[in-house]
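Shown next: target.cif, containing mmCIF, C-alpha atoms and all ligand atoms; chains and numbers go by the auth columns.
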data_protein
#
loop_
_atom_site.group_PDB
_atom_site.id
_atom_site.type_symbol
_atom_site.label_atom_id
_atom_site.label_comp_id
_atom_site.label_asym_id
_atom_site.label_seq_id
_atom_site.Cartn_x
_atom_site.Cartn_y
_atom_site.Cartn_z
_atom_site.B_iso_or_equiv
_atom_site.auth_seq_id
_atom_site.auth_asym_id
ATOM 1 C CA MET A 1 138.610 -71.848 133.569 0.00 1 A
ATOM 2 C CA SER A 2 139.832 -68.403 132.496 0.00 2 A
ATOM 3 C CA THR A 3 137.193 -66.030 131.139 0.00 3 A
ATOM 4 C CA SER A 4 139.403 -65.109 128.177 0.00 4 A
ATOM 5 C CA GLU A 5 139.305 -68.635 126.791 0.00 5 A
ATOM 6 C CA PRO A 6 137.340 -68.513 123.517 0.00 6 A
ATOM 7 C CA ARG A 7 133.892 -70.045 123.706 0.00 7 A
ATOM 8 C CA LEU A 8 131.931 -71.347 120.751 0.00 8 A
ATOM 9 C CA ARG A 9 128.543 -69.655 120.581 0.00 9 A
ATOM 10 C CA ILE A 10 125.529 -71.571 119.307 0.00 10 A
ATOM 11 C CA ALA A 11 122.107 -69.970 118.690 0.00 11 A
ATOM 12 C CA MET A 12 119.004 -72.060 119.293 0.00 12 A
ATOM 13 C CA GLN A 13 115.253 -71.437 119.483 0.00 13 A
ATOM 14 C CA LYS A 14 114.255 -70.377 122.978 0.00 14 A
ATOM 15 C CA SER A 15 110.806 -71.898 122.915 0.00 15 A
ATOM 16 C CA GLY A 16 108.796 -73.485 120.185 0.00 16 A
ATOM 17 C CA ARG A 17 108.747 -76.509 117.955 0.00 17 A
ATOM 18 C CA LEU A 18 112.521 -76.860 117.614 0.00 18 A
ATOM 19 C CA SER A 19 113.611 -76.045 121.152 0.00 19 A
ATOM 20 C CA GLU A 20 112.963 -79.409 122.788 0.00 20 A
ATOM 21 C CA ASP A 21 114.683 -81.473 120.078 0.00 21 A
ATOM 22 C CA THR A 22 117.594 -79.025 120.019 0.00 22 A
ATOM 23 C CA GLN A 23 118.020 -79.279 123.793 0.00 23 A
ATOM 24 C CA LYS A 24 117.886 -83.069 123.599 0.00 24 A
ATOM 25 C CA LEU A 25 120.502 -83.083 120.843 0.00 25 A
ATOM 26 C CA LEU A 26 122.891 -80.909 122.836 0.00 26 A
ATOM 27 C CA LYS A 27 122.350 -83.034 125.951 0.00 27 A
ATOM 28 C CA ARG A 28 122.987 -86.241 124.036 0.00 28 A
ATOM 29 C CA CYS A 29 126.219 -84.702 122.766 0.00 29 A
ATOM 30 C CA GLY A 30 127.271 -84.549 126.409 0.00 30 A
ATOM 31 C CA LEU A 31 126.840 -80.795 126.882 0.00 31 A
ATOM 32 C CA LYS A 32 125.910 -79.866 130.417 0.00 32 A
ATOM 33 C CA LEU A 33 123.812 -76.736 130.264 0.00 33 A
ATOM 34 C CA ASN A 34 121.396 -75.160 132.615 0.00 34 A
ATOM 35 C CA LEU A 35 118.422 -73.853 130.674 0.00 35 A
ATOM 36 C CA SER A 36 116.196 -73.371 133.691 0.00 36 A
ATOM 37 C CA ASP A 37 116.956 -69.678 134.114 0.00 37 A
ATOM 38 C CA ARG A 38 115.886 -66.894 131.789 0.00 38 A
ATOM 39 C CA ARG A 39 119.321 -65.755 130.736 0.00 39 A
ATOM 40 C CA LEU A 40 119.933 -65.104 127.041 0.00 40 A
ATOM 41 C CA LEU A 41 123.294 -66.883 127.173 0.00 41 A
ATOM 42 C CA ALA A 42 123.441 -70.297 128.838 0.00 42 A
ATOM 43 C CA HIS A 43 126.920 -71.493 129.716 0.00 43 A
ATOM 44 C CA VAL A 44 127.866 -75.095 129.083 0.00 44 A
ATOM 45 C CA SER A 45 129.699 -76.114 132.244 0.00 45 A
ATOM 46 C CA ASN A 46 131.833 -78.927 130.837 0.00 46 A
ATOM 47 C CA MET A 47 132.850 -77.455 127.446 0.00 47 A
ATOM 48 C CA PRO A 48 133.804 -73.940 126.250 0.00 48 A
ATOM 49 C CA ILE A 49 130.427 -73.402 124.604 0.00 49 A
ATOM 50 C CA ASP A 50 127.659 -70.833 125.191 0.00 50 A
ATOM 51 C CA VAL A 51 124.127 -71.329 123.946 0.00 51 A
ATOM 52 C CA MET A 52 122.166 -68.208 122.943 0.00 52 A
ATOM 53 C CA ARG A 53 118.412 -68.703 123.185 0.00 53 A
ATOM 54 C CA VAL A 54 116.421 -66.516 120.803 0.00 54 A
ATOM 55 C CA ARG A 55 113.482 -66.438 118.390 0.00 55 A
ATOM 56 C CA SER A 56 113.902 -68.815 115.483 0.00 56 A
ATOM 57 C CA SER A 57 113.636 -65.966 113.012 0.00 57 A
ATOM 58 C CA ASP A 58 116.618 -64.197 114.631 0.00 58 A
ATOM 59 C CA ILE A 59 118.968 -67.166 114.241 0.00 59 A
ATOM 60 C CA PRO A 60 119.962 -66.831 110.538 0.00 60 A
ATOM 61 C CA GLY A 61 120.941 -63.171 110.996 0.00 61 A
ATOM 62 C CA LEU A 62 122.896 -63.850 114.189 0.00 62 A
ATOM 63 C CA VAL A 63 124.955 -66.485 112.350 0.00 63 A
ATOM 64 C CA MET A 64 125.312 -64.558 109.067 0.00 64 A
ATOM 65 C CA ASP A 65 126.465 -61.454 110.967 0.00 65 A
ATOM 66 C CA GLY A 66 128.923 -63.495 113.053 0.00 66 A
ATOM 67 C CA VAL A 67 127.288 -62.780 116.426 0.00 67 A
ATOM 68 C CA CYS A 68 127.000 -66.553 116.827 0.00 68 A
ATOM 69 C CA ASP A 69 129.378 -69.110 115.317 0.00 69 A
ATOM 70 C CA LEU A 70 126.680 -71.714 114.809 0.00 70 A
ATOM 71 C CA GLY A 71 122.898 -71.952 114.833 0.00 71 A
ATOM 72 C CA ILE A 72 120.223 -74.610 114.805 0.00 72 A
ATOM 73 C CA VAL A 73 117.280 -73.495 112.716 0.00 73 A
ATOM 74 C CA GLY A 74 114.660 -74.715 110.241 0.00 74 A
ATOM 75 C CA ASP A 75 115.677 -74.602 106.568 0.00 75 A
ATOM 76 C CA ASN A 76 112.466 -72.657 105.868 0.00 76 A
ATOM 77 C CA THR A 77 113.492 -69.835 108.232 0.00 77 A
ATOM 78 C CA LEU A 78 117.038 -69.911 106.917 0.00 78 A
ATOM 79 C CA GLU A 79 116.135 -69.776 103.228 0.00 79 A
ATOM 80 C CA GLU A 80 113.555 -67.011 103.788 0.00 80 A
ATOM 81 C CA ALA A 81 116.118 -64.925 105.700 0.00 81 A
ATOM 82 C CA ALA A 82 118.839 -65.497 103.097 0.00 82 A
ATOM 83 C CA LEU A 83 116.524 -64.398 100.248 0.00 83 A
ATOM 84 C CA GLU A 84 115.401 -61.341 102.183 0.00 84 A
ATOM 85 C CA ARG A 85 118.945 -60.339 103.090 0.00 85 A
ATOM 86 C CA GLU A 86 120.109 -60.811 99.503 0.00 86 A
ATOM 87 C CA LEU A 87 117.321 -58.490 98.376 0.00 87 A
ATOM 88 C CA MET A 88 118.311 -55.912 101.020 0.00 88 A
ATOM 89 C CA GLU A 89 121.987 -56.235 100.053 0.00 89 A
ATOM 90 C CA GLN A 90 122.927 -57.480 103.528 0.00 90 A
ATOM 91 C CA LYS A 91 125.293 -60.360 104.324 0.00 91 A
ATOM 92 C CA PHE A 92 123.498 -63.630 103.591 0.00 92 A
ATOM 93 C CA ALA A 93 126.256 -66.260 103.414 0.00 93 A
ATOM 94 C CA TYR A 94 126.320 -69.328 105.669 0.00 94 A
ATOM 95 C CA ILE A 95 127.521 -72.910 105.603 0.00 95 A
ATOM 96 C CA LYS A 96 125.059 -75.724 106.189 0.00 96 A
ATOM 97 C CA THR A 97 127.228 -77.924 108.382 0.00 97 A
ATOM 98 C CA THR A 98 124.774 -80.766 109.049 0.00 98 A
ATOM 99 C CA ALA A 99 121.174 -81.507 108.211 0.00 99 A
ATOM 100 C CA LEU A 100 119.430 -82.634 111.403 0.00 100 A
ATOM 101 C CA ASN A 101 116.727 -85.269 111.560 0.00 101 A
ATOM 102 C CA PHE A 102 114.055 -83.302 113.385 0.00 102 A
ATOM 103 C CA GLY A 103 111.786 -80.340 112.628 0.00 103 A
ATOM 104 C CA GLY A 104 110.543 -81.947 109.420 0.00 104 A
ATOM 105 C CA CYS A 105 107.799 -80.008 107.661 0.00 105 A
ATOM 106 C CA ARG A 106 106.867 -78.589 104.273 0.00 106 A
ATOM 107 C CA LEU A 107 105.886 -75.129 103.108 0.00 107 A
ATOM 108 C CA SER A 108 102.729 -75.562 101.071 0.00 108 A
ATOM 109 C CA LEU A 109 100.080 -73.611 99.267 0.00 109 A
ATOM 110 C CA ALA A 110 96.588 -74.386 100.511 0.00 110 A
ATOM 111 C CA MET A 111 93.208 -73.250 99.228 0.00 111 A
ATOM 112 C CA PRO A 112 89.655 -73.449 100.568 0.00 112 A
ATOM 113 C CA GLU A 113 88.242 -76.943 99.953 0.00 113 A
ATOM 114 C CA GLU A 114 85.728 -75.627 97.403 0.00 114 A
ATOM 115 C CA PHE A 115 88.416 -73.974 95.243 0.00 115 A
ATOM 116 C CA ASP A 116 88.597 -75.493 91.762 0.00 116 A
ATOM 117 C CA TYR A 117 92.318 -76.275 91.547 0.00 117 A
ATOM 118 C CA GLN A 118 93.467 -77.042 87.991 0.00 118 A
ATOM 119 C CA GLY A 119 97.233 -76.872 88.454 0.00 119 A
ATOM 120 C CA ILE A 120 99.565 -74.069 89.445 0.00 120 A
ATOM 121 C CA LYS A 121 98.340 -71.693 86.718 0.00 121 A
ATOM 122 C CA SER A 122 94.943 -71.574 88.432 0.00 122 A
ATOM 123 C CA LEU A 123 96.654 -69.706 91.303 0.00 123 A
ATOM 124 C CA ASP A 124 97.716 -66.831 89.017 0.00 124 A
ATOM 125 C CA GLY A 125 96.669 -63.417 90.363 0.00 125 A
ATOM 126 C CA LEU A 126 95.568 -64.739 93.773 0.00 126 A
ATOM 127 C CA ARG A 127 96.521 -63.437 97.192 0.00 127 A
ATOM 128 C CA PHE A 128 98.169 -65.623 99.840 0.00 128 A
ATOM 129 C CA ALA A 129 98.637 -65.053 103.542 0.00 129 A
ATOM 130 C CA THR A 130 102.127 -66.104 104.595 0.00 130 A
ATOM 131 C CA THR A 131 105.089 -65.677 106.909 0.00 131 A
ATOM 132 C CA TYR A 132 107.366 -66.589 103.986 0.00 132 A
ATOM 133 C CA PRO A 133 106.880 -64.003 101.206 0.00 133 A
ATOM 134 C CA GLN A 134 110.337 -64.555 99.682 0.00 134 A
ATOM 135 C CA LEU A 135 109.874 -68.301 99.291 0.00 135 A
ATOM 136 C CA LEU A 136 106.378 -67.697 97.903 0.00 136 A
ATOM 137 C CA ASN A 137 107.685 -65.113 95.408 0.00 137 A
ATOM 138 C CA ARG A 138 110.482 -67.389 94.251 0.00 138 A
ATOM 139 C CA PHE A 139 108.019 -70.223 93.681 0.00 139 A
ATOM 140 C CA ALA A 140 105.663 -67.926 91.746 0.00 140 A
ATOM 141 C CA ARG A 141 108.523 -66.591 89.600 0.00 141 A
ATOM 142 C CA ASN A 142 109.833 -70.083 88.839 0.00 142 A
ATOM 143 C CA ASN A 143 106.341 -71.179 87.815 0.00 143 A
ATOM 144 C CA GLY A 144 105.480 -68.165 85.693 0.00 144 A
ATOM 145 C CA ILE A 145 102.609 -66.895 87.825 0.00 145 A
ATOM 146 C CA ASN A 146 101.998 -63.634 89.680 0.00 146 A
ATOM 147 C CA VAL A 147 100.750 -63.757 93.239 0.00 147 A
ATOM 148 C CA ASP A 148 100.081 -61.157 95.867 0.00 148 A
ATOM 149 C CA PHE A 149 100.779 -61.747 99.554 0.00 149 A
ATOM 150 C CA CYS A 150 99.711 -60.516 102.935 0.00 150 A
ATOM 151 C CA LEU A 151 102.286 -60.940 105.686 0.00 151 A
ATOM 152 C CA LEU A 152 101.075 -62.729 108.833 0.00 152 A
ATOM 153 C CA LYS A 153 103.311 -64.014 111.627 0.00 153 A
ATOM 154 C CA GLY A 154 100.665 -66.281 113.136 0.00 154 A
ATOM 155 C CA SER A 155 97.169 -67.750 112.604 0.00 155 A
ATOM 156 C CA VAL A 156 97.836 -67.811 108.877 0.00 156 A
ATOM 157 C CA GLU A 157 95.263 -70.559 108.389 0.00 157 A
ATOM 158 C CA VAL A 158 92.320 -68.303 109.288 0.00 158 A
ATOM 159 C CA ALA A 159 93.129 -65.664 106.637 0.00 159 A
ATOM 160 C CA PRO A 160 90.942 -67.015 103.788 0.00 160 A
ATOM 161 C CA ARG A 161 87.958 -67.464 106.108 0.00 161 A
ATOM 162 C CA VAL A 162 88.075 -63.851 107.279 0.00 162 A
ATOM 163 C CA GLY A 163 88.546 -62.504 103.749 0.00 163 A
ATOM 164 C CA LEU A 164 92.198 -61.499 104.092 0.00 164 A
ATOM 165 C CA SER A 165 93.408 -63.737 101.292 0.00 165 A
ATOM 166 C CA ASP A 166 92.389 -66.325 98.707 0.00 166 A
ATOM 167 C CA GLY A 167 94.745 -68.977 100.048 0.00 167 A
ATOM 168 C CA ILE A 168 97.683 -69.513 102.351 0.00 168 A
ATOM 169 C CA CYS A 169 101.348 -70.417 102.049 0.00 169 A
ATOM 170 C CA ASP A 170 102.205 -72.029 105.359 0.00 170 A
ATOM 171 C CA LEU A 171 104.128 -74.813 107.113 0.00 171 A
ATOM 172 C CA VAL A 172 102.430 -78.187 107.247 0.00 172 A
ATOM 173 C CA SER A 173 103.446 -81.381 108.993 0.00 173 A
ATOM 174 C CA THR A 174 100.380 -83.585 109.428 0.00 174 A
ATOM 175 C CA GLY A 175 97.816 -81.471 107.578 0.00 175 A
ATOM 176 C CA ALA A 176 95.423 -81.551 110.558 0.00 176 A
ATOM 177 C CA THR A 177 95.423 -77.743 110.959 0.00 177 A
ATOM 178 C CA LEU A 178 94.579 -77.275 107.284 0.00 178 A
ATOM 179 C CA GLU A 179 91.733 -79.750 107.509 0.00 179 A
ATOM 180 C CA ALA A 180 90.373 -78.166 110.665 0.00 180 A
ATOM 181 C CA ASN A 181 90.222 -74.852 108.812 0.00 181 A
ATOM 182 C CA GLY A 182 88.534 -76.142 105.655 0.00 182 A
ATOM 183 C CA LEU A 183 91.698 -75.905 103.544 0.00 183 A
ATOM 184 C CA LYS A 184 93.307 -78.342 101.108 0.00 184 A
ATOM 185 C CA GLU A 185 96.998 -78.537 100.268 0.00 185 A
ATOM 186 C CA VAL A 186 97.513 -77.932 96.543 0.00 186 A
ATOM 187 C CA ALA A 187 101.303 -77.584 96.131 0.00 187 A
ATOM 188 C CA VAL A 188 104.418 -78.173 98.202 0.00 188 A
ATOM 189 C CA ILE A 189 106.861 -75.339 97.571 0.00 189 A
ATOM 190 C CA PHE A 190 109.695 -76.124 100.013 0.00 190 A
ATOM 191 C CA LYS A 191 110.688 -79.140 102.126 0.00 191 A
ATOM 192 C CA SER A 192 112.419 -78.449 105.398 0.00 192 A
ATOM 193 C CA THR A 193 114.192 -79.982 108.371 0.00 193 A
ATOM 194 C CA ALA A 194 116.285 -78.340 111.037 0.00 194 A
ATOM 195 C CA SER A 195 119.941 -77.747 110.178 0.00 195 A
ATOM 196 C CA LEU A 196 123.125 -76.846 111.967 0.00 196 A
ATOM 197 C CA ILE A 197 124.500 -73.781 110.210 0.00 197 A
ATOM 198 C CA GLN A 198 127.787 -71.961 110.539 0.00 198 A
ATOM 199 C CA ASN A 199 129.146 -68.526 109.767 0.00 199 A
ATOM 200 C CA PRO A 200 131.252 -68.807 106.590 0.00 200 A
ATOM 201 C CA ALA A 201 134.345 -67.107 108.084 0.00 201 A
ATOM 202 C CA VAL A 202 137.231 -69.351 109.118 0.00 202 A
ATOM 203 C CA LEU A 203 136.951 -70.014 112.846 0.00 203 A
ATOM 204 C CA ALA A 204 139.785 -69.090 115.183 0.00 204 A
ATOM 205 C CA PRO A 205 141.842 -72.282 115.770 0.00 205 A
ATOM 206 C CA ALA A 206 140.687 -72.631 119.401 0.00 206 A
ATOM 207 C CA LYS A 207 137.025 -72.439 118.357 0.00 207 A
ATOM 208 C CA GLN A 208 137.603 -74.807 115.443 0.00 208 A
ATOM 209 C CA LYS A 209 139.021 -77.302 117.953 0.00 209 A
ATOM 210 C CA ILE A 210 135.806 -77.139 119.991 0.00 210 A
ATOM 211 C CA LEU A 211 133.743 -77.637 116.837 0.00 211 A
ATOM 212 C CA ASP A 212 135.931 -80.581 115.838 0.00 212 A
ATOM 213 C CA THR A 213 134.998 -82.229 119.138 0.00 213 A
ATOM 214 C CA LEU A 214 131.301 -81.338 118.876 0.00 214 A
ATOM 215 C CA LEU A 215 130.574 -82.222 115.240 0.00 215 A
ATOM 216 C CA PRO A 216 131.323 -85.961 115.382 0.00 216 A
ATOM 217 C CA ARG A 217 129.128 -86.143 118.495 0.00 217 A
ATOM 218 C CA ILE A 218 126.236 -84.465 116.672 0.00 218 A
ATOM 219 C CA GLN A 219 126.685 -86.800 113.734 0.00 219 A
ATOM 220 C CA GLY A 220 126.815 -89.772 116.113 0.00 220 A
ATOM 221 C CA VAL A 221 123.561 -88.741 117.795 0.00 221 A
ATOM 222 C CA MET A 222 121.914 -88.303 114.372 0.00 222 A
ATOM 223 C CA LYS A 223 123.068 -91.758 113.262 0.00 223 A
ATOM 224 C CA ALA A 224 121.823 -93.372 116.473 0.00 224 A
ATOM 225 C CA LYS A 225 118.373 -91.838 115.895 0.00 225 A
ATOM 226 C CA GLU A 226 118.053 -93.109 112.305 0.00 226 A
HETATM 227 P P1 LIG B . 109.912 -68.132 116.508 0.00 301 A
HETATM 228 O O1 LIG B . 108.581 -67.934 117.159 0.00 301 A
HETATM 229 O O2 LIG B . 110.906 -68.817 117.403 0.00 301 A
HETATM 230 O O3 LIG B . 110.513 -66.937 115.811 0.00 301 A
HETATM 231 P P2 LIG B . 108.471 -69.841 114.635 0.00 301 A
HETATM 232 O O4 LIG B . 107.281 -68.972 114.655 0.00 301 A
HETATM 233 O O5 LIG B . 108.916 -70.400 113.275 0.00 301 A
HETATM 234 O O6 LIG B . 109.728 -69.147 115.261 0.00 301 A
HETATM 235 P P3 LIG B . 107.642 -72.432 115.679 0.00 301 A
HETATM 236 O O7 LIG B . 106.221 -72.407 115.292 0.00 301 A
HETATM 237 O O8 LIG B . 108.038 -73.002 116.993 0.00 301 A
HETATM 238 O O9 LIG B . 108.312 -71.014 115.670 0.00 301 A
HETATM 239 O O10 LIG B . 108.385 -73.235 114.509 0.00 301 A
HETATM 240 C C1 LIG B . 109.770 -73.422 114.510 0.00 301 A
HETATM 241 C C2 LIG B . 110.159 -74.269 113.317 0.00 301 A
HETATM 242 O O11 LIG B . 109.673 -75.596 113.498 0.00 301 A
HETATM 243 C C3 LIG B . 109.593 -73.858 111.973 0.00 301 A
HETATM 244 O O12 LIG B . 110.263 -72.754 111.416 0.00 301 A
HETATM 245 C C4 LIG B . 109.803 -75.138 111.167 0.00 301 A
HETATM 246 O O13 LIG B . 111.130 -75.214 110.713 0.00 301 A
HETATM 247 C C5 LIG B . 109.589 -76.234 112.222 0.00 301 A
HETATM 248 N N1 LIG B . 108.288 -76.942 112.103 0.00 301 A
HETATM 249 C C6 LIG B . 108.144 -78.280 112.064 0.00 301 A
HETATM 250 N N2 LIG B . 106.857 -78.631 111.911 0.00 301 A
HETATM 251 C C7 LIG B . 106.147 -77.513 111.853 0.00 301 A
HETATM 252 C C8 LIG B . 104.751 -77.237 111.700 0.00 301 A
HETATM 253 N N3 LIG B . 103.834 -78.175 111.560 0.00 301 A
HETATM 254 N N4 LIG B . 104.368 -75.958 111.742 0.00 301 A
HETATM 255 C C9 LIG B . 105.271 -74.988 111.925 0.00 301 A
HETATM 256 N N5 LIG B . 106.602 -75.208 112.045 0.00 301 A
HETATM 257 C C10 LIG B . 107.063 -76.455 111.996 0.00 301 A
#
As a first step, turn the structure in this file into structure tokens.
Ligand code: ATP
Amino acid sequence: MSTSEPRLRIAMQKSGRLSEDTQKLLKRCGLKLNLSDRRLLAHVSNMPIDVMRVRSSDIPGLVMDGVCDLGIVGDNTLEEAALERELMEQKFAYIKTTALNFGGCRLSLAMPEEFDYQGIKSLDGLRFATTYPQLLNRFARNNGINVDFCLLKGSVEVAPRVGLSDGICDLVSTGATLEANGLKEVAVIFKSTASLIQNPAVLAPAKQKILDTLLPRIQGVMKAKE
């Protein structure tokens, strides 16, 4: 295979909650890729595709800036990045090519169990620890309340206990982490799954051909899992 042949570049999470399901999906699509080494770019040996393994939060930008043609990322990460980029007047356009049936979770507001929750208005003026300030702000705006936030990239659920915030705005799947930290979920502000996203620019014909082979396979794998 000549090195000048165009290769479709897909960004995926290197390690974390989406990486295993993403790897499985690509494998089931028939892609042969060696992810055992630490290289940033993994070559697919049987198709002109490279897989870039990065932090989840880097994926929206890599796709929106055209560094990668496609990406597999949670809708929560995607929407947060798009809102932030819009605010910063950076490129924020993308196409959601396919919703994937893994990575399901919700972004919720949670308060200490003893908090007297009387509807969304009772959250007015409170401070929330979160990794998703843009999604939190949009929710507050749409609901006519003002909230403050403190940005945390991890261990968000401990913030109220240590006096950092009144509540949290964090991802929930089973609710076990909330319960273990004496918190109760009071409002769901965003529902998420993983998605395959694409840069909005028209792909070069050779790359489009690769995508035309890959997409029906992805959709087939999704259908088989339903
Ligand atoms: P990275 O560390 O790669 O930048 P991250 O901190 O979001 O990203 P993970 O905690 O592995 O990494 O989560 C990846 C994605 O998995 C989330 O953005 C979300 O879309 C999805 N997810 C599904 N269930 C949950 C959950 N219970 N908690 C957190 N994320 C979840």
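Put simply, CA of Glu179 in chain A is 25.7 Å away from CA of Ser15 in chain A.
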Open item on the list: Within 9 Å of ligand LIG 301 (chain A) (counting only C-alpha atoms and all ligand atoms), which residues show up? I'd like them as number ranges by chain.
Closed with: A: 12-19, 54-59, 73-78, 102-107, 131, 153-154, 170-175, 177, 192-194
* To do: Identify the residues within 12 Å of coordinate (94.2, -66.9, 111.3) (same frame as the file), considering all atoms listed in the file, and give the answer as a PyMOL selection string.
  => chain A and resi 129-131+150-165+167-168+170+177-178+180-181
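Between CA of Met47 in chain A and CA of Ala201 in chain A lies a distance of 22.0 Å.
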Evaluate the PyMOL selection byres (((chain A and resi 203) around 12) and not hetatm) and record the selected residues as a PDB file with C-alpha atoms, in the coordinates of the input, following the chain and residue labels used in the document.
ATOM      1  CA  PRO A   6     137.340 -68.513 123.517  1.00  0.00           C
ATOM      2  CA  ARG A   7     133.892 -70.045 123.706  1.00  0.00           C
ATOM      3  CA  LEU A   8     131.931 -71.347 120.751  1.00  0.00           C
ATOM      4  CA  ARG A   9     128.543 -69.655 120.581  1.00  0.00           C
ATOM      5  CA  GLY A  66     128.923 -63.495 113.053  1.00  0.00           C
ATOM      6  CA  CYS A  68     127.000 -66.553 116.827  1.00  0.00           C
ATOM      7  CA  ASP A  69     129.378 -69.110 115.317  1.00  0.00           C
ATOM      8  CA  LEU A  70     126.680 -71.714 114.809  1.00  0.00           C
ATOM      9  CA  GLN A 198     127.787 -71.961 110.539  1.00  0.00           C
ATOM     10  CA  ASN A 199     129.146 -68.526 109.767  1.00  0.00           C
ATOM     11  CA  PRO A 200     131.252 -68.807 106.590  1.00  0.00           C
ATOM     12  CA  ALA A 201     134.345 -67.107 108.084  1.00  0.00           C
ATOM     13  CA  VAL A 202     137.231 -69.351 109.118  1.00  0.00           C
ATOM     14  CA  ALA A 204     139.785 -69.090 115.183  1.00  0.00           C
ATOM     15  CA  PRO A 205     141.842 -72.282 115.770  1.00  0.00           C
ATOM     16  CA  ALA A 206     140.687 -72.631 119.401  1.00  0.00           C
ATOM     17  CA  LYS A 207     137.025 -72.439 118.357  1.00  0.00           C
ATOM     18  CA  GLN A 208     137.603 -74.807 115.443  1.00  0.00           C
ATOM     19  CA  LYS A 209     139.021 -77.302 117.953  1.00  0.00           C
ATOM     20  CA  ILE A 210     135.806 -77.139 119.991  1.00  0.00           C
ATOM     21  CA  LEU A 211     133.743 -77.637 116.837  1.00  0.00           C
ATOM     22  CA  ASP A 212     135.931 -80.581 115.838  1.00  0.00           C
TER      23      ASP A 212
END
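We find CA of Gly182 in chain A and CA of Leu126 in chain A to be spaced 17.9 Å apart.
For the file shown, the residue list from the PyMOL selection byres (((chain A and resi 93) around 6) and not hetatm) reads Met64, Phe92 and Tyr94 of chain A.
Minimum atom-to-atom distance to Phe115 in chain A, evaluated using all atoms listed in the file, belongs to A:Lys184 out of A:Arg53, A:Arg138, A:Arg28, A:Lys184.
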Across A:Val147, A:Ala82, A:Ala99, A:Ile120, the smallest distance to Pro60 in chain A, with only C-alpha atoms counted, is shown by A:Ala82
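With distances restricted to all atoms listed in the file, A:Phe190 is the closest residue to Phe139 in chain A from A:Arg38, A:Glu113, A:Leu62, A:Phe190.
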Taking the file as I've supplied it (selection: the PyMOL selection byres (((chain A and resi 42) around 12) and not hetatm)), which residues are included? Please answer as a PyMOL selection string. chain A and resi 7-12+14+23+31-41+43-45+47-54
Any chance you can output those residues with C-alpha atoms as a PDB file, keeping the file's coordinate frame?
ATOM      1  CA  ARG A   7     133.892 -70.045 123.706  1.00  0.00           C
ATOM      2  CA  LEU A   8     131.931 -71.347 120.751  1.00  0.00           C
ATOM      3  CA  ARG A   9     128.543 -69.655 120.581  1.00  0.00           C
ATOM      4  CA  ILE A  10     125.529 -71.571 119.307  1.00  0.00           C
ATOM      5  CA  ALA A  11     122.107 -69.970 118.690  1.00  0.00           C
ATOM      6  CA  MET A  12     119.004 -72.060 119.293  1.00  0.00           C
ATOM      7  CA  LYS A  14     114.255 -70.377 122.978  1.00  0.00           C
ATOM      8  CA  GLN A  23     118.020 -79.279 123.793  1.00  0.00           C
ATOM      9  CA  LEU A  31     126.840 -80.795 126.882  1.00  0.00           C
ATOM     10  CA  LYS A  32     125.910 -79.866 130.417  1.00  0.00           C
ATOM     11  CA  LEU A  33     123.812 -76.736 130.264  1.00  0.00           C
ATOM     12  CA  ASN A  34     121.396 -75.160 132.615  1.00  0.00           C
ATOM     13  CA  LEU A  35     118.422 -73.853 130.674  1.00  0.00           C
ATOM     14  CA  SER A  36     116.196 -73.371 133.691  1.00  0.00           C
ATOM     15  CA  ASP A  37     116.956 -69.678 134.114  1.00  0.00           C
ATOM     16  CA  ARG A  38     115.886 -66.894 131.789  1.00  0.00           C
ATOM     17  CA  ARG A  39     119.321 -65.755 130.736  1.00  0.00           C
ATOM     18  CA  LEU A  40     119.933 -65.104 127.041  1.00  0.00           C
ATOM     19  CA  LEU A  41     123.294 -66.883 127.173  1.00  0.00           C
ATOM     20  CA  HIS A  43     126.920 -71.493 129.716  1.00  0.00           C
ATOM     21  CA  VAL A  44     127.866 -75.095 129.083  1.00  0.00           C
ATOM     22  CA  SER A  45     129.699 -76.114 132.244  1.00  0.00           C
ATOM     23  CA  MET A  47     132.850 -77.455 127.446  1.00  0.00           C
ATOM     24  CA  PRO A  48     133.804 -73.940 126.250  1.00  0.00           C
ATOM     25  CA  ILE A  49     130.427 -73.402 124.604  1.00  0.00           C
ATOM     26  CA  ASP A  50     127.659 -70.833 125.191  1.00  0.00           C
ATOM     27  CA  VAL A  51     124.127 -71.329 123.946  1.00  0.00           C
ATOM     28  CA  MET A  52     122.166 -68.208 122.943  1.00  0.00           C
ATOM     29  CA  ARG A  53     118.412 -68.703 123.185  1.00  0.00           C
ATOM     30  CA  VAL A  54     116.421 -66.516 120.803  1.00  0.00           C
TER      31      VAL A  54
END
